[in-house]
>>> print(open('work_29.txt').read())   # compact mmCIF, C-alpha atoms
# COMPACT_ATOMS: atom_id res chain seq x y z
CA MET A 1 -25.49 2.04 -9.77
CA ARG A 2 -27.58 5.18 -10.04
CA GLU A 3 -30.77 3.72 -8.62
CA LEU A 4 -30.66 2.20 -5.14
CA SER A 5 -34.37 1.90 -4.42
CA GLY A 6 -35.55 -1.69 -4.42
CA LYS A 7 -32.00 -3.05 -4.21
CA VAL A 8 -30.42 -5.08 -1.40
CA ALA A 9 -27.56 -3.86 0.83
CA VAL A 10 -25.49 -5.92 3.27
CA ILE A 11 -23.62 -4.07 6.01
CA THR A 12 -21.26 -5.58 8.57
CA GLY A 13 -20.53 -3.68 11.75
CA ALA A 14 -24.03 -2.24 11.46
CA GLY A 15 -24.60 -1.89 15.20
CA SER A 16 -22.98 1.53 15.54
CA GLY A 17 -20.97 4.31 13.93
CA ILE A 18 -20.54 4.34 10.18
CA GLY A 19 -22.31 0.99 9.82
CA ARG A 20 -25.47 2.28 11.48
CA ALA A 21 -25.33 5.49 9.44
CA LEU A 22 -25.02 3.50 6.21
CA ALA A 23 -28.02 1.39 7.21
CA LEU A 24 -30.19 4.42 7.89
CA ARG A 25 -29.12 6.18 4.69
CA PHE A 26 -29.71 3.09 2.55
CA ALA A 27 -33.10 2.63 4.22
CA ALA A 28 -33.97 6.21 3.29
CA GLU A 29 -32.98 5.35 -0.30
CA GLY A 30 -35.56 2.57 -0.31
CA MET A 31 -33.18 -0.38 -0.03
CA THR A 32 -33.74 -3.72 1.67
CA LEU A 33 -31.15 -4.31 4.40
CA MET A 34 -29.25 -7.26 5.80
CA LEU A 35 -27.48 -5.95 8.88
CA ALA A 36 -24.70 -7.85 10.65
CA ASP A 37 -22.76 -7.26 13.86
CA VAL A 38 -21.28 -9.21 16.78
CA ASP A 39 -23.30 -7.22 19.33
CA HIS A 40 -27.00 -8.11 19.39
CA GLY A 41 -28.32 -5.10 21.34
CA PRO A 42 -26.91 -2.31 19.15
CA LEU A 43 -27.75 -4.32 16.02
CA ALA A 44 -31.40 -4.48 17.07
CA GLU A 45 -31.34 -0.74 17.77
CA THR A 46 -30.13 -0.01 14.24
CA ALA A 47 -32.86 -2.21 12.78
CA ALA A 48 -35.48 -0.42 14.88
CA GLN A 49 -34.34 2.96 13.54
CA ALA A 50 -34.59 1.92 9.88
CA GLY A 51 -38.19 3.05 9.51
CA ASP A 52 -40.33 1.21 7.00
CA ALA A 53 -37.43 -0.54 5.28
CA ARG A 54 -37.38 -4.31 5.14
CA VAL A 55 -34.59 -5.32 7.52
CA LEU A 56 -33.03 -8.65 8.39
CA THR A 57 -30.33 -8.99 11.05
CA GLN A 58 -27.66 -11.61 11.63
CA ILE A 59 -25.11 -11.96 14.41
CA THR A 60 -21.85 -12.29 12.48
CA ASP A 61 -18.19 -12.50 13.43
CA VAL A 62 -16.48 -11.32 10.25
CA SER A 63 -13.16 -12.82 11.36
CA ASP A 64 -14.74 -16.28 11.07
CA ALA A 65 -15.19 -17.63 7.55
CA SER A 66 -18.10 -19.90 8.43
CA SER A 67 -19.95 -17.02 10.11
CA VAL A 68 -19.65 -14.86 6.97
CA ARG A 69 -20.63 -17.82 4.79
CA HIS A 70 -23.77 -18.26 6.87
CA LEU A 71 -24.53 -14.55 6.39
CA ALA A 72 -24.12 -14.85 2.62
CA ASP A 73 -26.19 -18.03 2.43
CA ARG A 74 -29.03 -16.34 4.28
CA CYS A 75 -28.83 -13.20 2.12
CA PHE A 76 -29.05 -15.05 -1.15
CA GLY A 77 -31.48 -17.60 0.23
CA GLU A 78 -34.02 -15.16 1.68
CA LEU A 79 -33.41 -11.96 -0.29
CA ARG A 80 -32.37 -13.66 -3.55
CA ALA A 81 -29.78 -10.99 -4.40
CA VAL A 82 -27.14 -8.59 -3.04
CA HIS A 83 -26.41 -5.33 -4.85
CA VAL A 84 -24.32 -3.40 -2.32
CA LEU A 85 -21.89 -5.11 0.04
CA CYS A 86 -20.38 -2.97 2.79
CA ASN A 87 -17.46 -4.74 4.48
CA ASN A 88 -17.55 -2.17 7.25
CA ALA A 89 -16.79 -3.95 10.53
CA GLY A 90 -13.54 -2.74 12.08
CA VAL A 91 -11.72 -2.49 15.39
CA PHE A 92 -8.88 -0.35 16.70
CA GLN A 93 -6.06 -0.99 19.13
CA GLY A 94 -3.13 1.29 19.76
CA GLY A 95 0.34 0.66 21.06
CA HIS A 96 3.85 0.26 19.69
CA LEU A 97 4.41 -2.63 17.30
CA TRP A 98 6.99 -4.17 19.60
CA THR A 99 4.51 -4.31 22.48
CA ARG A 100 1.70 -5.97 20.50
CA GLY A 101 1.29 -9.66 21.21
CA GLU A 102 -0.01 -12.31 18.86
CA GLU A 103 -3.49 -11.96 20.36
CA ASP A 104 -3.54 -8.24 19.50
CA LEU A 105 -2.48 -8.74 15.90
CA ALA A 106 -4.77 -11.75 15.45
CA TRP A 107 -7.73 -9.64 16.54
CA LEU A 108 -6.86 -6.63 14.38
CA LEU A 109 -6.08 -8.66 11.28
CA GLY A 110 -9.01 -11.00 11.89
CA VAL A 111 -11.60 -8.23 11.79
CA ASN A 112 -10.00 -5.52 9.65
CA LEU A 113 -8.39 -7.68 6.97
CA TRP A 114 -9.93 -11.14 7.08
CA GLY A 115 -13.36 -9.57 7.54
CA VAL A 116 -12.91 -7.91 4.15
CA LEU A 117 -11.42 -11.03 2.55
CA HIS A 118 -14.17 -13.29 3.87
CA GLY A 119 -16.77 -10.83 2.59
CA ILE A 120 -15.17 -10.83 -0.84
CA ARG A 121 -14.86 -14.61 -1.03
CA GLU A 122 -18.39 -15.37 0.14
CA PHE A 123 -20.37 -12.63 -1.61
CA VAL A 124 -18.55 -11.52 -4.75
CA PRO A 125 -18.77 -14.78 -6.76
CA ARG A 126 -22.53 -14.83 -6.28
CA MET A 127 -22.80 -11.11 -7.02
CA ILE A 128 -20.91 -11.70 -10.28
CA GLU A 129 -23.33 -14.48 -11.21
CA GLN A 130 -26.23 -12.04 -10.88
CA ASP A 131 -24.80 -10.22 -13.93
CA ALA A 132 -26.23 -6.95 -12.64
CA GLU A 133 -24.80 -3.66 -11.47
CA GLY A 134 -23.44 -3.85 -7.95
CA HIS A 135 -20.96 -2.25 -5.61
CA ILE A 136 -18.58 -3.35 -2.85
CA VAL A 137 -17.67 -0.73 -0.24
CA ASN A 138 -14.75 -1.61 2.01
CA THR A 139 -14.32 0.64 5.04
CA VAL A 140 -10.56 1.14 5.16
CA SER A 141 -9.53 4.35 7.02
CA THR A 142 -6.90 6.98 6.43
CA ALA A 143 -4.73 4.51 8.37
CA GLY A 144 -4.68 2.57 5.10
CA LEU A 145 -2.93 5.54 3.50
CA PHE A 146 -0.83 7.00 6.32
CA THR A 147 0.92 5.60 9.37
CA SER A 148 1.40 7.26 12.72
CA PRO A 149 3.21 6.44 15.97
CA GLY A 150 1.34 4.04 18.23
CA SER A 151 -1.00 2.59 15.62
CA GLY A 152 1.23 0.07 13.85
CA GLY A 153 -0.99 -2.99 14.10
CA TYR A 154 -4.05 -1.06 13.01
CA SER A 155 -2.17 0.52 10.10
CA VAL A 156 -0.89 -2.87 8.93
CA SER A 157 -4.43 -4.22 8.83
CA LYS A 158 -5.81 -1.16 7.04
CA HIS A 159 -3.00 -0.92 4.46
CA ALA A 160 -3.75 -4.56 3.64
CA ALA A 161 -7.48 -3.80 3.40
CA LEU A 162 -6.73 -1.03 0.90
CA ALA A 163 -4.55 -3.38 -1.15
CA ALA A 164 -7.34 -5.95 -1.14
CA SER A 165 -9.82 -3.33 -2.34
CA GLU A 166 -7.57 -2.17 -5.17
CA ALA A 167 -6.74 -5.71 -6.25
CA LEU A 168 -10.45 -6.61 -6.18
CA ALA A 169 -11.30 -3.63 -8.38
CA HIS A 170 -8.63 -4.61 -10.91
CA ASP A 171 -9.73 -8.26 -10.90
CA LEU A 172 -13.37 -7.32 -11.48
CA ALA A 173 -12.43 -5.00 -14.34
CA ALA A 174 -10.24 -7.67 -15.93
CA ALA A 175 -13.12 -10.15 -15.69
CA GLY A 176 -15.51 -7.72 -17.38
CA SER A 177 -17.74 -7.60 -14.31
CA LYS A 178 -20.40 -4.95 -13.75
CA LEU A 179 -19.38 -4.71 -10.09
CA ARG A 180 -17.47 -1.68 -8.83
CA VAL A 181 -15.45 -1.06 -5.66
CA THR A 182 -15.04 1.85 -3.27
CA ALA A 183 -12.31 2.03 -0.64
CA LEU A 184 -13.75 4.29 2.05
CA CYS A 185 -10.92 6.06 3.88
CA PRO A 186 -12.44 8.30 6.55
CA GLY A 187 -10.41 10.29 9.02
CA ALA A 188 -11.80 11.13 12.45
CA VAL A 189 -15.49 10.25 12.75
CA ARG A 190 -17.74 10.48 15.80
CA THR A 191 -17.85 6.75 16.53
CA ARG A 192 -16.85 4.41 19.37
CA ILE A 193 -13.82 3.08 17.49
CA ALA A 194 -11.53 4.00 20.41
CA ASP A 195 -13.66 1.74 22.61
CA SER A 196 -13.22 -1.30 20.37
CA ARG A 197 -11.98 -3.38 23.32
CA ARG A 198 -15.64 -3.88 24.29
CA LEU A 199 -15.96 -6.17 21.26
CA ARG A 200 -12.82 -8.20 21.84
CA PRO A 201 -13.44 -11.95 22.22
CA PRO A 202 -12.56 -13.37 25.67
CA GLY A 203 -10.05 -15.74 24.10
CA LEU A 204 -8.08 -12.80 22.70
CA ALA A 205 -8.34 -10.57 25.77
CA THR A 206 -5.23 -8.90 27.19
CA THR A 207 -4.48 -6.25 29.80
CA PRO A 208 -4.05 -2.81 28.19
CA SER A 209 -0.45 -1.56 28.21
CA SER A 210 0.42 2.06 29.04
CA ASP A 211 1.34 2.88 25.44
CA GLU A 212 -1.96 1.40 24.28
CA VAL A 213 -3.99 3.46 26.74
CA ALA A 214 -2.31 6.70 25.69
CA VAL A 215 -3.12 6.13 22.03
CA GLN A 216 -6.70 5.07 22.76
CA GLU A 217 -7.24 8.31 24.65
CA ALA A 218 -5.86 10.37 21.77
CA VAL A 219 -8.07 8.55 19.27
CA SER A 220 -11.08 9.07 21.51
CA ARG A 221 -10.44 12.82 21.65
CA ALA A 222 -10.05 12.96 17.86
CA ALA A 223 -13.31 11.04 17.38
CA GLU A 224 -15.16 13.51 19.57
CA ARG A 225 -14.12 16.28 17.18
CA GLY A 226 -14.73 14.21 14.05
CA MET A 227 -17.40 14.38 11.38
CA GLU A 228 -20.81 12.82 11.86
CA PRO A 229 -21.27 9.25 10.58
CA SER A 230 -24.32 10.42 8.62
CA GLU A 231 -22.04 12.70 6.57
CA VAL A 232 -19.82 9.74 5.72
CA ALA A 233 -22.87 7.71 4.67
CA GLY A 234 -23.94 10.49 2.33
CA LEU A 235 -20.50 10.51 0.72
CA VAL A 236 -20.68 6.73 0.27
CA VAL A 237 -23.96 6.98 -1.62
CA GLU A 238 -22.40 9.62 -3.89
CA ALA A 239 -19.33 7.42 -4.43
CA ILE A 240 -21.49 4.46 -5.43
CA ARG A 241 -23.38 6.55 -7.97
CA GLU A 242 -20.18 8.12 -9.31
CA GLU A 243 -18.21 4.84 -9.29
CA ARG A 244 -15.47 6.46 -7.22
CA PHE A 245 -12.75 4.05 -6.07
CA LEU A 246 -10.95 6.06 -3.39
CA LEU A 247 -13.27 7.99 -1.09
CA LEU A 248 -11.55 10.57 1.10
CA THR A 249 -13.74 12.40 3.60
CA ASP A 250 -11.60 15.55 3.90
CA PRO A 251 -9.75 17.53 1.17
CA GLU A 252 -6.77 17.75 3.53
CA HIS A 253 -6.29 14.00 3.11
CA ALA A 254 -5.44 14.51 -0.57
CA THR A 255 -2.79 17.06 0.43
CA ARG A 256 -1.33 14.61 2.93
CA LEU A 257 -1.30 11.87 0.31
CA ARG A 258 0.69 14.10 -2.07
CA ARG A 259 3.21 14.90 0.68
CA ARG A 260 3.55 11.24 1.51
CA THR A 261 4.15 10.30 -2.13
CA GLU A 262 6.68 13.09 -2.61
CA ALA A 263 8.59 11.99 0.50
CA LEU A 264 8.67 8.37 -0.60
CA LEU A 265 9.88 9.29 -4.08
CA THR A 266 12.89 11.03 -2.53
CA GLY A 267 13.55 8.13 -0.18
CA ARG A 268 12.47 10.02 2.94
CA LEU A 269 10.26 8.79 5.78
CA PRO A 270 6.82 10.32 5.17
CA PRO A 271 5.57 12.84 7.74
CA HIS A 272 2.91 11.79 10.26
CA HIS A 273 0.10 13.64 11.94
>>> encode(input="work_29.txt", output="structure tokens")
Amino acid sequence: MRELSGKVAVITGAGSGIGRALALRFAAEGMTLMLADVDHGPLAETAAQAGDARVLTQITDVSDASSVRHLADRCFGELRAVHVLCNNAGVFQGGHLWTRGEEDLAWLLGVNLWGVLHGIREFVPRMIEQDAEGHIVNTVSTAGLFTSPGSGGYSVSKHAALAASEALAHDLAAAGSKLRVTALCPGAVRTRIADSRRLRPPGLATTPSSDEVAVQEAVSRAAERGMEPSEVAGLVVEAIREERFLLLTDPEHATRLRRRTEALLTGRLPPHH
């Protein structure tokens, strides 16, 4: 997809961070937007910042299949098409794997993995039927490539999201589809990802453990030093136009990926950072 103007983009997790930056960049490209989030206030703020673009909003819990189906039905019903799908919604929780309860893992996997899978299942068949150029962007994270102490649950969800992205790309190619896929794997970005607990459903609420708090604080400090979400959005637009599958936001990530592969090939535990 070289030309984005006049096309339709769907973005989940559009109320803040990378999702908001994608919305504003796509609006600047002349796209029509369907923005989704679980938090009404920030979602409305994103829509208000989108300038003259046509914008629709929908409160959507990506972990719930029926909620994503409703989003897709509205998109194709009112906008008649979807050309760019950004399965962007994501949450973070730290802590050792052995201290994470079922509620923790259900939340992480529900948003970070099932959010991607629900997006694929509800949107991609109809995007294929359009028989037009299109692109699916799944926000993964470098946690889909590397693991680190204290982020086991998050890494599990993101490794699975990367696998889903790669499998989707292969399936689309095998089917002769015009759709392409990008797995967005950003490192530290200036977002509120460390404050994801604010979005946690009451039914899955737990009291933070000491190991969780320590990791959240470290992630928060890293985010403060991270790149701007607008920079990530610019890279995404380039990746769509170049049909790039794996999008790394820092050249150092490629170096780390080589080290990881080399360690695994010799049977060693890969280094962490």
>>> residues_around(input="work_29.txt", residues="segment 160-176 of chain A", least_positions_apart="4", cutoff="12 Å", atoms="only C-alpha atoms", output="NGL selection string")
:A and (86-90 or 108-121 or 124-125 or 127-129 or 131-146 or 153-156 or 180-185 or 243-247)
>>> write_last_selection(input="work_29.txt", atoms="C-alpha atoms", output="mmCIF file, keeping the file's coordinate frame")
data_model
loop_
_atom_site.group_PDB
_atom_site.id
_atom_site.type_symbol
_atom_site.label_atom_id
_atom_site.label_comp_id
_atom_site.auth_asym_id
_atom_site.auth_seq_id
_atom_site.Cartn_x
_atom_site.Cartn_y
_atom_site.Cartn_z
ATOM 1 C CA CYS A 86 -20.380 -2.970 2.790
ATOM 2 C CA ASN A 87 -17.460 -4.740 4.480
ATOM 3 C CA ASN A 88 -17.550 -2.170 7.250
ATOM 4 C CA ALA A 89 -16.790 -3.950 10.530
ATOM 5 C CA GLY A 90 -13.540 -2.740 12.080
ATOM 6 C CA LEU A 108 -6.860 -6.630 14.380
ATOM 7 C CA LEU A 109 -6.080 -8.660 11.280
ATOM 8 C CA GLY A 110 -9.010 -11.000 11.890
ATOM 9 C CA VAL A 111 -11.600 -8.230 11.790
ATOM 10 C CA ASN A 112 -10.000 -5.520 9.650
ATOM 11 C CA LEU A 113 -8.390 -7.680 6.970
ATOM 12 C CA TRP A 114 -9.930 -11.140 7.080
ATOM 13 C CA GLY A 115 -13.360 -9.570 7.540
ATOM 14 C CA VAL A 116 -12.910 -7.910 4.150
ATOM 15 C CA LEU A 117 -11.420 -11.030 2.550
ATOM 16 C CA HIS A 118 -14.170 -13.290 3.870
ATOM 17 C CA GLY A 119 -16.770 -10.830 2.590
ATOM 18 C CA ILE A 120 -15.170 -10.830 -0.840
ATOM 19 C CA ARG A 121 -14.860 -14.610 -1.030
ATOM 20 C CA VAL A 124 -18.550 -11.520 -4.750
ATOM 21 C CA PRO A 125 -18.770 -14.780 -6.760
ATOM 22 C CA MET A 127 -22.800 -11.110 -7.020
ATOM 23 C CA ILE A 128 -20.910 -11.700 -10.280
ATOM 24 C CA GLU A 129 -23.330 -14.480 -11.210
ATOM 25 C CA ASP A 131 -24.800 -10.220 -13.930
ATOM 26 C CA ALA A 132 -26.230 -6.950 -12.640
ATOM 27 C CA GLU A 133 -24.800 -3.660 -11.470
ATOM 28 C CA GLY A 134 -23.440 -3.850 -7.950
ATOM 29 C CA HIS A 135 -20.960 -2.250 -5.610
ATOM 30 C CA ILE A 136 -18.580 -3.350 -2.850
ATOM 31 C CA VAL A 137 -17.670 -0.730 -0.240
ATOM 32 C CA ASN A 138 -14.750 -1.610 2.010
ATOM 33 C CA THR A 139 -14.320 0.640 5.040
ATOM 34 C CA VAL A 140 -10.560 1.140 5.160
ATOM 35 C CA SER A 141 -9.530 4.350 7.020
ATOM 36 C CA THR A 142 -6.900 6.980 6.430
ATOM 37 C CA ALA A 143 -4.730 4.510 8.370
ATOM 38 C CA GLY A 144 -4.680 2.570 5.100
ATOM 39 C CA LEU A 145 -2.930 5.540 3.500
ATOM 40 C CA PHE A 146 -0.830 7.000 6.320
ATOM 41 C CA GLY A 153 -0.990 -2.990 14.100
ATOM 42 C CA TYR A 154 -4.050 -1.060 13.010
ATOM 43 C CA SER A 155 -2.170 0.520 10.100
ATOM 44 C CA VAL A 156 -0.890 -2.870 8.930
ATOM 45 C CA ARG A 180 -17.470 -1.680 -8.830
ATOM 46 C CA VAL A 181 -15.450 -1.060 -5.660
ATOM 47 C CA THR A 182 -15.040 1.850 -3.270
ATOM 48 C CA ALA A 183 -12.310 2.030 -0.640
ATOM 49 C CA LEU A 184 -13.750 4.290 2.050
ATOM 50 C CA CYS A 185 -10.920 6.060 3.880
ATOM 51 C CA GLU A 243 -18.210 4.840 -9.290
ATOM 52 C CA ARG A 244 -15.470 6.460 -7.220
ATOM 53 C CA PHE A 245 -12.750 4.050 -6.070
ATOM 54 C CA LEU A 246 -10.950 6.060 -3.390
ATOM 55 C CA LEU A 247 -13.270 7.990 -1.090
#
>>> closest_residue(input="work_29.txt", among="A:Val8, A:Gly152, A:Ala214, A:Arg2", to="Leu97 of chain A", atoms="only C-alpha atoms")
A:Gly152
>>> closest_residue(input="work_29.txt", among="A:Val189, A:Leu265, A:Val10, A:Leu4", to="Gly30 of chain A", atoms="all atoms listed in the file")
A:Leu4
>>> closest_residue(input="work_29.txt", among="A:His83, A:Gly95, A:Ala223, A:Pro229", to="Pro208 of chain A", atoms="only C-alpha atoms")
A:Gly95
>>> atom_distance(input="work_29.txt", atom1="atom CA of Val82 of chain A", atom2="atom CA of Leu22 of chain A")
15.4 Å
>>> closest_residue(input="work_29.txt", among="A:Thr255, A:Val91, A:Gly77, A:Ala28", to="Ser196 of chain A", atoms="all atoms listed in the file")
A:Val91
>>> residues_around(input="work_29.txt", residues="Met227 of chain A", least_positions_apart="2", cutoff="9 Å", atoms="all atoms listed in the file", output="PyMOL selection string")
chain A and resi 187-190+223-225+229-232+249
>>> axis_aligned_box(input="work_29.txt", around="segment 198-201 of chain A", padding_each_side="3 Å", output="AutoDock Vina command-line options")
--center_x -14.4 --center_y -7.9 --center_z 22.8 --size_x 9.1 --size_y 14.1 --size_z 9.0
